[in-house]
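A short worksheet on the structure shown next.
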Amino acid sequence: MSSANNGDAKFGSRPTAILHRTPWRPPVASSAEGIYITLEDGKKLIDAVGGAAVACIGNGHPAVKKAIKEQVDKVSYVYNMQLSNEPAEELAHNLIQSSKGAFDLVGFVSGGSEAMEGVIKTARQYFYETGQPQRKHFIARQLSFHGNTLATLSLAYHPARRAPYAAILNAENFHHVSPAYAARFQGKDETEEQYVERLRKELEDKFIELGPDTVIGFVAETVVGATTGVVAAPKGYFKAMKSVCEKYGALFILDEVMSGMGRMGTLHAWESYGDGISPDIQAVAKGLGGGYAAIGAVLISKRVADGVRDASGFWKHGHTYQANPLACAASLAVQNVIADEQLLAHVVAVVGPHLGALLRARLQAPGAPAAPFVFDVRGGGAWWGVEFDFDTPEGRGLDFGGAAFGGAVQARALENGLVIMGFSGGSSLDGTKGHHCMLSPAYNVTKEQVEEIVDIFVRSVEEVLKEAGL
């Protein structure tokens, strides 16, 4: 009913015919170049979050546009059970070679949720074909997100996104242990090593509870994304978790849909934020195609690849648009741009240090209006999160008019010409507390653009606080 008010200048009073992910029709983008997006009313925005950590080289890169146009002239579609195609074969080789021995095979899908669904099925197929059909349990973590299909919602534990579907989620095969979120859950008297050991023991206890030879694997985001807002695990955590998997013959599985393909400054986030521990299976997506194509991939280690090759020899999983020629050509071009323009070096040397330093200086310095409410500024590379906490007398006195703070900042930033992401519910296991915002600009963002992003973001935060009574 409210959609009647979702008209626009171009279409008059006609409401949107899309079932949007918001109760209203979002502003309509009409063109984009680099990190700049122009709306149909002519307003210009800076995309400081890459959509959802997707647009890693910005819009309109000439090399990618050229690759897509050339592929349209060659082959736009073949069904991958009947025919393979050149860009898919080339992209797969690119991903294997750049993994430095971590992976042996690749399976293509059409996005992050599909990639994680593919991970679940590939892991099960491996044990089914290697004579261990009793393995049927996955262990993941609370305050995690692995996709929006029923299986991936079951695997993850994002309270708000699970809630409407709780009655039909699978609790028999998917189980959860504590998040690796030291800022919120490490004991006051615990050292980092003791915290990691407690989490390791909890995972091992869960293996034993389920039956060690019934567990398929442990699944985690290398750096947790939207659920908690760019939370990396403590040092030694992934080494400890993998040791439990190896002890009981299970798989160690990483979800790098958001954190991977360069977002943290290394091609794979585990290289810099995961103790250098490579997984048995890994999902990637967002930075793979950079928004130029709907694509994801399942990266498969030699152990798992050999298990499948020595049995059926093929992937018992597939979709109509799997390994789509246009998507693979676009993604290959994106990966070539990242390599040719040395963008990961730029992310490490310029984007990460400058963005992190500015956020801390502007939000946490003595006298900064937001400082009393900034719980944490964290991140690395081209991905940063800011967590706010109003659980203080001063904070409880602020009135946000019933709105969640993260969402209010996102809305105000959009009014001010900046696209960011704001969330709530990431600081408690039940998803009822916490406010955080995320920034994930393109890898080729300039130092000056970083400064403009931080200027608008901080102004938006301060405006929301002022209007709430600060």
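Ligands are numbered from 1 in the order shown, chains are lettered A, B, ... in the order of the structure tokens, and residues start at 1 in each chain.
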
Item to check | Spatial neighbours of Tyr195 (chain A), 12 Å, only C-alpha atoms, chain gap at least 6 places, as a VMD selection string | outcome: chain A and resid 178 to 189 201 to 202 233 to 237 240

Next on the checklist: Residues within 10 Å of region 101-108 of chain A, please, as number ranges by chain. Count only C-alpha atoms; anything in the same chain fewer than 6 positions from it doesn't count.
Outcome noted: A: 80, 88-89, 91-93, 95, 114-115, 118-119, 122, 277-285, 295-306, 315, 317-319, 321-324, 327-328

Restricted to N, CA and C atoms, what would the selected residues look like written as a CSV table (one decimal), in the first residue's frame?
```
chain,number,residue,atom,x,y,z
A,80,ASN,N,26.9,-25.3,-19.1
A,80,ASN,CA,28.2,-25.8,-18.8
A,80,ASN,C,28.3,-27.3,-18.6
A,88,ALA,N,35.9,-19.0,-19.0
A,88,ALA,CA,35.7,-19.8,-17.7
A,88,ALA,C,37.0,-20.6,-17.5
A,89,GLU,N,37.5,-21.2,-18.5
A,89,GLU,CA,38.8,-22.0,-18.4
A,89,GLU,C,39.9,-21.1,-17.9
A,91,LEU,N,39.8,-18.1,-16.4
A,91,LEU,CA,39.6,-17.6,-15.1
A,91,LEU,C,39.9,-18.6,-14.0
A,92,ALA,N,39.5,-19.9,-14.3
A,92,ALA,CA,39.8,-21.0,-13.3
A,92,ALA,C,41.4,-21.1,-13.2
A,93,HIS,N,42.1,-21.1,-14.3
A,93,HIS,CA,43.5,-21.2,-14.2
A,93,HIS,C,44.1,-20.0,-13.4
A,95,LEU,N,42.7,-18.3,-11.0
A,95,LEU,CA,42.5,-18.4,-9.6
A,95,LEU,C,43.4,-19.5,-9.0
A,114,GLU,N,25.1,-18.7,-3.4
A,114,GLU,CA,25.3,-19.9,-4.2
A,114,GLU,C,26.6,-20.5,-4.0
A,115,ALA,N,27.7,-19.7,-3.8
A,115,ALA,CA,29.0,-20.2,-3.5
A,115,ALA,C,29.0,-21.0,-2.2
A,118,GLY,N,27.2,-24.2,-2.6
A,118,GLY,CA,28.2,-25.1,-3.3
A,118,GLY,C,29.2,-25.6,-2.4
A,119,VAL,N,29.7,-24.8,-1.4
A,119,VAL,CA,30.6,-25.3,-0.4
A,119,VAL,C,30.0,-26.4,0.4
A,122,THR,N,29.7,-29.5,-1.8
A,122,THR,CA,31.0,-30.1,-2.2
A,122,THR,C,31.6,-30.8,-1.0
A,277,ILE,N,46.7,-19.6,7.2
A,277,ILE,CA,46.2,-21.0,7.2
A,277,ILE,C,45.2,-21.2,6.0
A,278,SER,N,45.6,-21.9,5.0
A,278,SER,CA,44.7,-22.1,3.9
A,278,SER,C,43.6,-23.2,4.2
A,279,PRO,N,42.4,-23.0,3.6
A,279,PRO,CA,41.3,-23.9,3.9
A,279,PRO,C,41.3,-25.1,3.0
A,280,ASP,N,40.5,-26.1,3.3
A,280,ASP,CA,40.2,-27.2,2.4
A,280,ASP,C,39.2,-26.8,1.3
A,281,ILE,N,38.3,-25.9,1.6
A,281,ILE,CA,37.3,-25.4,0.6
A,281,ILE,C,37.1,-23.9,1.0
A,282,GLN,N,36.9,-23.1,0.0
A,282,GLN,CA,36.7,-21.6,0.3
A,282,GLN,C,35.7,-21.1,-0.7
A,283,ALA,N,34.9,-20.2,-0.3
A,283,ALA,CA,33.9,-19.5,-1.1
A,283,ALA,C,34.4,-18.0,-1.4
A,284,VAL,N,34.3,-17.6,-2.6
A,284,VAL,CA,34.6,-16.2,-2.9
A,284,VAL,C,33.5,-15.7,-3.9
A,285,ALA,N,33.3,-14.4,-3.9
A,285,ALA,CA,32.3,-13.9,-4.8
A,285,ALA,C,32.5,-12.4,-5.1
A,295,ILE,N,28.7,-13.4,-10.1
A,295,ILE,CA,29.5,-14.6,-10.1
A,295,ILE,C,30.1,-14.8,-8.7
A,296,GLY,N,30.3,-16.1,-8.5
A,296,GLY,CA,30.9,-16.6,-7.3
A,296,GLY,C,31.7,-17.8,-7.6
A,297,ALA,N,32.5,-18.3,-6.7
A,297,ALA,CA,33.3,-19.5,-7.0
A,297,ALA,C,33.6,-20.3,-5.7
A,298,VAL,N,33.7,-21.6,-5.9
A,298,VAL,CA,34.1,-22.5,-4.8
A,298,VAL,C,35.5,-22.9,-5.1
A,299,LEU,N,36.5,-22.6,-4.3
A,299,LEU,CA,37.9,-22.9,-4.5
A,299,LEU,C,38.2,-24.2,-3.7
A,300,ILE,N,38.7,-25.2,-4.3
A,300,ILE,CA,38.8,-26.6,-3.8
A,300,ILE,C,40.3,-27.0,-3.7
A,301,SER,N,40.7,-27.4,-2.5
A,301,SER,CA,42.1,-27.8,-2.2
A,301,SER,C,42.4,-29.2,-2.9
A,302,LYS,N,43.6,-29.5,-3.0
A,302,LYS,CA,44.0,-30.8,-3.6
A,302,LYS,C,43.4,-32.0,-2.9
A,303,ARG,N,43.4,-31.9,-1.6
A,303,ARG,CA,42.8,-33.0,-0.8
A,303,ARG,C,41.3,-33.3,-1.3
A,304,VAL,N,40.5,-32.3,-1.3
A,304,VAL,CA,39.1,-32.5,-1.7
A,304,VAL,C,39.0,-32.8,-3.2
A,305,ALA,N,39.8,-32.1,-4.0
A,305,ALA,CA,39.8,-32.3,-5.4
A,305,ALA,C,40.1,-33.8,-5.7
A,306,ASP,N,41.2,-34.3,-5.1
A,306,ASP,CA,41.6,-35.7,-5.3
A,306,ASP,C,40.5,-36.7,-4.9
A,315,TRP,N,31.6,-32.7,-10.4
A,315,TRP,CA,30.9,-32.0,-9.4
A,315,TRP,C,29.4,-32.3,-9.5
A,317,HIS,N,26.7,-30.8,-8.6
A,317,HIS,CA,26.1,-29.6,-8.2
A,317,HIS,C,26.1,-28.7,-9.4
A,318,GLY,N,25.1,-27.9,-9.6
A,318,GLY,CA,25.1,-27.0,-10.8
A,318,GLY,C,23.9,-26.1,-10.9
A,319,HIS,N,24.1,-25.1,-11.7
A,319,HIS,CA,23.0,-24.1,-12.0
A,319,HIS,C,23.1,-23.7,-13.4
A,321,TYR,N,23.3,-20.8,-14.9
A,321,TYR,CA,24.2,-19.8,-15.4
A,321,TYR,C,25.6,-20.0,-14.8
A,322,GLN,N,25.9,-21.2,-14.4
A,322,GLN,CA,27.2,-21.6,-13.9
A,322,GLN,C,28.2,-21.4,-14.9
A,323,ALA,N,29.4,-20.8,-14.6
A,323,ALA,CA,30.5,-20.6,-15.6
A,323,ALA,C,30.0,-19.8,-16.8
A,324,ASN,N,29.1,-18.9,-16.6
A,324,ASN,CA,28.6,-18.1,-17.7
A,324,ASN,C,29.8,-17.3,-18.4
A,327,ALA,N,30.0,-13.6,-17.6
A,327,ALA,CA,30.4,-13.3,-16.2
A,327,ALA,C,31.9,-13.7,-16.0
A,328,CYS,N,32.4,-14.7,-16.6
A,328,CYS,CA,33.8,-15.1,-16.5
A,328,CYS,C,34.7,-14.2,-17.2
```

Next on the checklist: Can you tell me which residues surround region 331-348 of chain A at a distance of at most 10 Å, considering only C-alpha atoms, apart from same-chain residues fewer than 5 positions away, and format the answer as a PyMOL selection string?
Outcome noted: chain A and resi 55-57+61-68+87-88+90-92+94-95+261-267+285+287-296+325-326+353-354+380-383+442-446

Writing out the chosen residues with N, CA and C atoms as a compact mmCIF listing (two decimals), in the first residue's frame:
```txt
# COMPACT_ATOMS: atom_id res chain seq x y z
N ALA A 55 32.04 -3.54 -5.54
CA ALA A 55 32.64 -2.77 -6.64
C ALA A 55 34.08 -2.41 -6.33
N CYS A 56 34.95 -3.39 -6.46
CA CYS A 56 36.33 -3.25 -5.99
C CYS A 56 37.21 -2.40 -6.90
N ILE A 57 36.81 -2.16 -8.14
CA ILE A 57 37.57 -1.25 -9.01
C ILE A 57 36.68 -0.13 -9.52
N HIS A 61 35.18 0.76 -15.66
CA HIS A 61 36.59 0.61 -16.03
C HIS A 61 36.68 0.18 -17.50
N PRO A 62 37.44 0.90 -18.30
CA PRO A 62 37.48 0.63 -19.75
C PRO A 62 37.93 -0.78 -20.11
N ALA A 63 38.85 -1.36 -19.35
CA ALA A 63 39.34 -2.70 -19.68
C ALA A 63 38.25 -3.74 -19.49
N VAL A 64 37.43 -3.57 -18.47
CA VAL A 64 36.36 -4.53 -18.22
C VAL A 64 35.23 -4.35 -19.23
N LYS A 65 34.89 -3.11 -19.53
CA LYS A 65 33.86 -2.85 -20.54
C LYS A 65 34.26 -3.47 -21.89
N LYS A 66 35.53 -3.32 -22.23
CA LYS A 66 36.04 -3.88 -23.48
C LYS A 66 35.93 -5.40 -23.49
N ALA A 67 36.30 -6.03 -22.38
CA ALA A 67 36.25 -7.50 -22.30
C ALA A 67 34.82 -8.01 -22.43
N ILE A 68 33.88 -7.33 -21.79
CA ILE A 68 32.47 -7.75 -21.87
C ILE A 68 31.95 -7.61 -23.28
N PRO A 87 36.66 -18.09 -21.51
CA PRO A 87 36.90 -17.25 -20.32
C PRO A 87 36.75 -18.01 -19.01
N ALA A 88 35.88 -19.01 -18.95
CA ALA A 88 35.73 -19.80 -17.73
C ALA A 88 36.99 -20.61 -17.48
N GLU A 90 39.98 -19.95 -18.56
CA GLU A 90 41.09 -19.03 -18.26
C GLU A 90 40.98 -18.47 -16.84
N LEU A 91 39.77 -18.12 -16.43
CA LEU A 91 39.57 -17.60 -15.09
C LEU A 91 39.91 -18.65 -14.04
N ALA A 92 39.53 -19.89 -14.28
CA ALA A 92 39.84 -20.96 -13.33
C ALA A 92 41.35 -21.11 -13.17
N ASN A 94 43.56 -18.82 -13.68
CA ASN A 94 44.03 -17.62 -12.98
C ASN A 94 43.88 -17.78 -11.46
N LEU A 95 42.73 -18.28 -11.04
CA LEU A 95 42.47 -18.43 -9.61
C LEU A 95 43.36 -19.51 -8.98
N MET A 261 39.42 -11.91 -2.20
CA MET A 261 39.75 -11.34 -3.51
C MET A 261 40.28 -9.91 -3.41
N GLY A 262 41.10 -9.69 -2.36
CA GLY A 262 41.83 -8.43 -2.25
C GLY A 262 41.30 -7.43 -1.25
N ARG A 263 40.13 -7.66 -0.71
CA ARG A 263 39.49 -6.65 0.15
C ARG A 263 40.37 -6.27 1.35
N MET A 264 41.10 -7.24 1.92
CA MET A 264 41.92 -6.97 3.10
C MET A 264 43.37 -6.62 2.73
N GLY A 265 43.66 -6.52 1.44
CA GLY A 265 45.01 -6.16 1.00
C GLY A 265 45.83 -7.33 0.50
N THR A 266 45.34 -8.55 0.72
CA THR A 266 45.92 -9.75 0.13
C THR A 266 44.81 -10.43 -0.67
N LEU A 267 45.18 -11.20 -1.67
CA LEU A 267 44.15 -11.80 -2.52
C LEU A 267 43.18 -12.62 -1.68
N ALA A 285 33.31 -14.38 -3.92
CA ALA A 285 32.27 -13.86 -4.81
C ALA A 285 32.45 -12.38 -5.09
N GLY A 287 34.32 -9.56 -4.68
CA GLY A 287 35.46 -8.97 -5.36
C GLY A 287 35.93 -9.76 -6.57
N LEU A 288 35.33 -10.92 -6.80
CA LEU A 288 35.71 -11.72 -7.96
C LEU A 288 35.27 -11.05 -9.26
N GLY A 289 34.02 -10.61 -9.28
CA GLY A 289 33.50 -9.94 -10.48
C GLY A 289 33.41 -8.45 -10.33
N GLY A 290 33.60 -7.95 -9.13
CA GLY A 290 33.63 -6.51 -8.91
C GLY A 290 32.35 -5.78 -9.26
N GLY A 291 31.24 -6.51 -9.36
CA GLY A 291 29.97 -5.89 -9.71
C GLY A 291 29.69 -5.86 -11.19
N TYR A 292 30.66 -6.25 -12.00
CA TYR A 292 30.46 -6.25 -13.45
C TYR A 292 29.70 -7.50 -13.89
N ALA A 293 29.62 -8.48 -13.02
CA ALA A 293 28.91 -9.72 -13.34
C ALA A 293 28.47 -10.39 -12.06
N ALA A 294 27.38 -11.14 -12.14
CA ALA A 294 26.92 -11.93 -11.00
C ALA A 294 27.68 -13.25 -11.02
N ILE A 295 28.66 -13.38 -10.12
CA ILE A 295 29.52 -14.56 -10.14
C ILE A 295 30.07 -14.84 -8.74
N GLY A 296 30.27 -16.11 -8.46
CA GLY A 296 30.95 -16.57 -7.26
C GLY A 296 31.74 -17.80 -7.62
N PRO A 325 29.84 -17.41 -19.75
CA PRO A 325 30.96 -16.80 -20.46
C PRO A 325 31.11 -15.30 -20.22
N LEU A 326 29.99 -14.58 -20.20
CA LEU A 326 30.07 -13.13 -19.97
C LEU A 326 30.56 -12.82 -18.55
N PRO A 353 45.99 2.33 5.57
CA PRO A 353 46.56 3.20 6.61
C PRO A 353 45.87 4.56 6.70
N HIS A 354 45.55 5.16 5.56
CA HIS A 354 44.96 6.50 5.57
C HIS A 354 43.53 6.47 6.09
N GLY A 380 41.10 -3.20 8.00
CA GLY A 380 42.37 -3.27 7.32
C GLY A 380 42.13 -3.21 5.83
N GLY A 381 43.16 -2.86 5.09
CA GLY A 381 43.00 -2.77 3.65
C GLY A 381 41.89 -1.82 3.27
N ALA A 382 41.00 -2.27 2.40
CA ALA A 382 39.90 -1.43 1.94
C ALA A 382 38.58 -1.82 2.59
N TRP A 383 38.66 -2.19 3.90
CA TRP A 383 37.46 -2.60 4.61
C TRP A 383 37.57 -2.21 6.07
N ALA A 442 36.37 1.23 -3.28
CA ALA A 442 37.11 0.56 -4.36
C ALA A 442 38.60 0.56 -4.04
N TYR A 443 39.29 -0.46 -4.53
CA TYR A 443 40.73 -0.59 -4.25
C TYR A 443 41.53 0.56 -4.87
N ASN A 444 41.01 1.18 -5.94
CA ASN A 444 41.73 2.25 -6.62
C ASN A 444 41.30 3.64 -6.15
N VAL A 445 40.63 3.74 -5.00
CA VAL A 445 40.25 5.02 -4.46
C VAL A 445 41.51 5.83 -4.13
N THR A 446 41.47 7.13 -4.36
CA THR A 446 42.65 7.96 -4.11
C THR A 446 42.68 8.45 -2.66
```

Next on the checklist: I'd like the contact shell of Ala250 (chain A) - 7 Å cut-off, only C-alpha atoms, skipping same-chain residues fewer than 5 positions apart - returned as a list in words.
Outcome noted: Val215, Ile216, Gly217 and Cys245 of chain A

Checklist entry - Can you tell me how far CA of Lys242 (chain A) sits from CA of Ala140 (chain A), in Å to one decimal? => result 12.9 Å

Checklist entry - Looking at A:Ala269, A:Ala53, A:Ile456, A:Val450, which one is nearest to Lys286 (chain A), with distances taken over only C-alpha atoms? => result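 Closest to Lys286 (chain A) of all the choices is A:Ala53.
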
Item to check | For Glu387 (chain A), the nearest of the candidates A:Val231, A:Ala329, A:Ala166, A:Ala365, counting only C-alpha atoms | outcome: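 Nearest candidate to Glu387 (chain A) out of A:Val231, A:Ala329, A:Ala166, A:Ala365: A:Val231.
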
If you count only C-alpha atoms, which residues fall within 7 Å of region 453-455 of chain A, apart from same-chain ones fewer than 3 positions away, as a short mmCIF file (atom, residue, chain, number, x, y, z; two decimals) with C-alpha atoms, in the first residue's frame?
```
data_model
loop_
_atom_site.label_atom_id
_atom_site.label_comp_id
_atom_site.auth_asym_id
_atom_site.auth_seq_id
_atom_site.Cartn_x
_atom_site.Cartn_y
_atom_site.Cartn_z
CA ALA A 48 32.15 4.42 -0.08
CA LEU A 358 41.48 9.34 9.62
CA LEU A 359 38.58 7.42 11.14
CA GLN A 449 38.78 10.58 -2.11
CA VAL A 450 39.41 8.75 1.18
CA VAL A 458 31.92 11.84 10.26
CA ARG A 459 29.64 14.79 9.53
#
```

Item to check | Atomic distance CA of Ala29 (chain A) - CA of Gly422 (chain A), expressed in Å with one decimal | outcome: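 Between CA of Ala29 (chain A) and CA of Gly422 (chain A) the gap works out to 19.7 Å.
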
Next on the checklist: When you look at His158 (chain A) with a cut-off of 9 Å (counting only C-alpha atoms), what residues show up, excluding the ones that are within fewer than 3 positions of it in the same chain? I need them as a VMD selection string.
Outcome noted: chain A and resid 142 to 146 153 161 to 163 227 426 429 to 431

Checklist entry - Between CA of Val386 (chain A) and CA of His436 (chain A), what is the distance, to one decimal in Å? => result 5.4 Å

Item to check | All helix (DSSP H, G or I) residues (DSSP, backbone) inside region 268-463 of chain A, as a PyMOL selection string | outcome: chain A and resi 269-273+286-289+302-309+325-340+343-364+371-373+393-396+405-415+447-463

Quick one: write out the picked residues with C-alpha atoms as a compact mmCIF listing (two decimals), in the first residue's frame?
```txt
# COMPACT_ATOMS: atom_id res chain seq x y z
CA ALA A 269 42.06 -12.73 3.58
CA TRP A 270 43.54 -15.79 5.31
CA GLU A 271 46.96 -14.75 4.01
CA SER A 272 46.91 -11.64 6.21
CA TYR A 273 44.10 -12.13 8.75
CA LYS A 286 31.96 -10.10 -4.41
CA GLY A 287 35.46 -8.97 -5.36
CA LEU A 288 35.71 -11.72 -7.96
CA GLY A 289 33.50 -9.94 -10.48
CA LYS A 302 44.01 -30.78 -3.63
CA ARG A 303 42.78 -33.02 -0.80
CA VAL A 304 39.14 -32.48 -1.69
CA ALA A 305 39.78 -32.33 -5.43
CA ASP A 306 41.56 -35.71 -5.33
CA GLY A 307 38.70 -37.22 -3.32
CA VAL A 308 36.20 -36.23 -6.01
CA ARG A 309 38.47 -37.01 -8.99
CA PRO A 325 30.96 -16.80 -20.46
CA LEU A 326 30.07 -13.13 -19.97
CA ALA A 327 30.44 -13.34 -16.20
CA CYS A 328 33.77 -15.14 -16.45
CA ALA A 329 35.12 -12.72 -19.07
CA ALA A 330 34.17 -9.76 -16.88
CA SER A 331 35.70 -11.36 -13.79
CA LEU A 332 38.92 -12.26 -15.56
CA ALA A 333 39.21 -8.65 -16.70
CA VAL A 334 38.62 -7.39 -13.15
CA GLN A 335 41.33 -9.69 -11.78
CA ASN A 336 43.72 -8.55 -14.49
CA VAL A 337 43.03 -4.89 -13.63
CA ILE A 338 43.77 -5.57 -9.96
CA ALA A 339 47.07 -7.23 -10.90
CA ASP A 340 48.14 -4.89 -13.72
CA LEU A 343 45.88 -2.29 -6.63
CA LEU A 344 46.58 -4.58 -3.69
CA ALA A 345 49.84 -2.75 -3.05
CA HIS A 346 47.87 0.52 -3.18
CA VAL A 347 45.33 -0.86 -0.71
CA VAL A 348 48.09 -1.88 1.72
CA ALA A 349 50.23 1.25 1.38
CA VAL A 350 47.63 3.99 0.93
CA VAL A 351 43.97 3.09 1.39
CA GLY A 352 44.15 1.05 4.59
CA PRO A 353 46.56 3.20 6.61
CA HIS A 354 44.96 6.50 5.57
CA LEU A 355 41.36 5.40 6.04
CA GLY A 356 42.06 3.82 9.41
CA ALA A 357 44.08 6.79 10.70
CA LEU A 358 41.48 9.34 9.62
CA LEU A 359 38.58 7.42 11.14
CA ARG A 360 40.39 7.11 14.47
CA ALA A 361 41.50 10.74 14.48
CA ARG A 362 38.09 12.14 13.61
CA LEU A 363 35.98 9.80 15.75
CA GLN A 364 38.10 8.83 18.75
CA ALA A 371 34.24 9.81 20.86
CA PRO A 372 32.18 8.87 23.95
CA PHE A 373 30.08 6.52 21.82
CA PRO A 393 24.22 7.11 31.02
CA GLU A 394 25.15 9.69 28.41
CA GLY A 395 24.27 7.36 25.57
CA ARG A 396 20.97 6.28 27.04
CA PHE A 405 21.73 4.34 14.99
CA GLY A 406 23.56 2.53 12.18
CA GLY A 407 20.57 2.81 9.89
CA ALA A 408 20.08 6.47 10.80
CA VAL A 409 23.71 7.24 9.91
CA GLN A 410 23.36 5.36 6.62
CA ALA A 411 20.26 7.39 5.75
CA ARG A 412 21.87 10.71 6.69
CA ALA A 413 25.04 9.87 4.79
CA LEU A 414 22.94 9.20 1.68
CA GLU A 415 21.30 12.61 2.09
CA LYS A 447 43.98 9.49 -0.90
CA GLU A 448 41.94 12.63 -1.58
CA GLN A 449 38.78 10.58 -2.11
CA VAL A 450 39.41 8.75 1.18
CA GLU A 451 39.55 12.13 2.92
CA GLU A 452 36.25 13.22 1.36
CA ILE A 453 34.62 9.93 2.35
CA VAL A 454 35.70 10.33 5.97
CA ASP A 455 34.61 13.98 6.02
CA ILE A 456 31.07 13.16 4.93
CA PHE A 457 30.82 10.06 7.08
CA VAL A 458 31.92 11.84 10.26
CA ARG A 459 29.64 14.79 9.53
CA SER A 460 26.73 12.38 9.12
CA VAL A 461 27.51 10.66 12.42
CA GLU A 462 27.74 13.98 14.23
CA GLU A 463 24.51 15.29 12.71
```

Checklist entry - Restricting the calculation to only C-alpha atoms, which member of A:Met241, A:Ala226, A:Gln134, A:Asn416 is positioned closest to Gly385 (chain A)? => result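 Of A:Met241, A:Ala226, A:Gln134, A:Asn416, the one nearest Gly385 (chain A) is A:Ala226, counting only C-alpha atoms.
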
Checklist entry - Using only C-alpha atoms, which residue out of A:Glu197, A:Val54, A:Ser30, A:Phe127 lies closest to Met258 (chain A)? => result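 Closest to Met258 (chain A), using only C-alpha atoms: A:Val54.
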
Next on the checklist: Which residue is closest to Val374 (chain A)? Choose from A:Gly60, A:Gly434, A:Pro164, A:Gly276 and count only C-alpha atoms.
Outcome noted: A:Gly434

As a short mmCIF file (atom, residue, chain, number, x, y, z; two decimals) with N, CA, C and O atoms, in the first residue's frame, please: every residue in region 309-442 of chain A that a backbone DSSP assignment puts in strand (DSSP E or B).
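Everything below was put into result_22.cif:
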```cif
data_model
loop_
_atom_site.label_atom_id
_atom_site.label_comp_id
_atom_site.auth_asym_id
_atom_site.auth_seq_id
_atom_site.Cartn_x
_atom_site.Cartn_y
_atom_site.Cartn_z
N VAL A 374 32.02 5.80 20.51
CA VAL A 374 32.73 4.93 19.57
C VAL A 374 33.38 3.80 20.36
O VAL A 374 34.35 4.00 21.09
N PHE A 375 32.84 2.62 20.21
CA PHE A 375 33.37 1.44 20.92
C PHE A 375 34.64 0.94 20.26
O PHE A 375 35.58 0.53 20.93
N ASP A 376 34.68 0.99 18.93
CA ASP A 376 35.84 0.43 18.23
C ASP A 376 35.89 0.94 16.80
O ASP A 376 34.85 1.13 16.14
N VAL A 377 37.09 1.19 16.31
CA VAL A 377 37.36 1.42 14.89
C VAL A 377 38.30 0.32 14.48
O VAL A 377 39.39 0.17 15.04
N ARG A 378 37.92 -0.49 13.51
CA ARG A 378 38.71 -1.69 13.19
C ARG A 378 38.64 -1.96 11.69
O ARG A 378 37.74 -1.53 10.98
N GLY A 379 39.60 -2.75 11.25
CA GLY A 379 39.61 -3.14 9.85
C GLY A 379 41.01 -3.24 9.31
O GLY A 379 41.99 -3.33 10.05
N GLY A 380 41.10 -3.20 8.00
CA GLY A 380 42.37 -3.27 7.32
C GLY A 380 42.13 -3.21 5.83
O GLY A 380 41.01 -3.44 5.36
N TRP A 383 38.66 -2.19 3.90
CA TRP A 383 37.46 -2.60 4.61
C TRP A 383 37.57 -2.21 6.07
O TRP A 383 38.42 -2.72 6.80
N TRP A 384 36.68 -1.29 6.51
CA TRP A 384 36.72 -0.77 7.87
C TRP A 384 35.34 -0.73 8.49
O TRP A 384 34.34 -0.47 7.81
N GLY A 385 35.30 -0.99 9.78
CA GLY A 385 34.06 -0.92 10.52
C GLY A 385 34.20 0.00 11.72
O GLY A 385 35.29 0.11 12.32
N VAL A 386 33.11 0.68 12.05
CA VAL A 386 33.07 1.53 13.24
C VAL A 386 31.89 1.06 14.08
O VAL A 386 30.75 1.05 13.61
N GLU A 387 32.18 0.64 15.31
CA GLU A 387 31.12 0.17 16.20
C GLU A 387 30.83 1.22 17.26
O GLU A 387 31.75 1.80 17.85
N PHE A 388 29.56 1.47 17.48
CA PHE A 388 29.12 2.47 18.45
C PHE A 388 28.42 1.77 19.61
O PHE A 388 27.79 0.73 19.45
N LEU A 418 26.73 10.33 0.31
CA LEU A 418 27.68 9.23 0.54
C LEU A 418 26.92 7.93 0.76
O LEU A 418 25.98 7.88 1.54
N VAL A 419 27.35 6.87 0.08
CA VAL A 419 26.75 5.55 0.27
C VAL A 419 27.63 4.74 1.22
O VAL A 419 28.81 4.50 0.94
N MET A 421 27.13 1.54 4.68
CA MET A 421 26.23 0.54 5.23
C MET A 421 26.17 0.70 6.75
O MET A 421 27.20 0.85 7.40
N GLY A 422 24.94 0.68 7.30
CA GLY A 422 24.75 0.77 8.74
C GLY A 422 23.93 -0.41 9.23
O GLY A 422 22.96 -0.81 8.57
N PHE A 423 24.31 -0.97 10.37
CA PHE A 423 23.66 -2.18 10.88
C PHE A 423 23.43 -2.07 12.38
O PHE A 423 23.99 -1.21 13.06
N SER A 424 22.64 -2.99 12.89
CA SER A 424 22.43 -3.10 14.33
C SER A 424 22.42 -4.57 14.72
O SER A 424 22.28 -5.46 13.87
N HIS A 435 25.54 -1.34 17.35
CA HIS A 435 25.35 -0.48 16.18
C HIS A 435 26.70 -0.35 15.48
O HIS A 435 27.71 -0.05 16.13
N HIS A 436 26.74 -0.58 14.19
CA HIS A 436 28.00 -0.41 13.48
C HIS A 436 27.77 0.03 12.04
O HIS A 436 26.71 -0.17 11.46
N CYS A 437 28.80 0.68 11.50
CA CYS A 437 28.79 1.12 10.10
C CYS A 437 30.01 0.55 9.41
O CYS A 437 31.05 0.33 10.04
N MET A 438 29.89 0.34 8.10
CA MET A 438 31.00 -0.22 7.32
C MET A 438 31.33 0.66 6.13
O MET A 438 30.44 1.22 5.49
N LEU A 439 32.63 0.74 5.86
CA LEU A 439 33.15 1.40 4.67
C LEU A 439 34.01 0.39 3.92
O LEU A 439 34.87 -0.26 4.52
#
```

Next on the checklist: I need the residue nearest Lys44 (chain A) from this list: A:Ile18, A:Leu398, A:Ala32, A:Val464. Use only C-alpha atoms for the distance.
Outcome noted: A:Ala32

Item to check | Contacts of Leu155 (chain A) at 8 Å (only C-alpha atoms; same-chain gap of 4+ positions) as a PyMOL selection string | outcome: chain A and resi 138-140+146+151+174-175
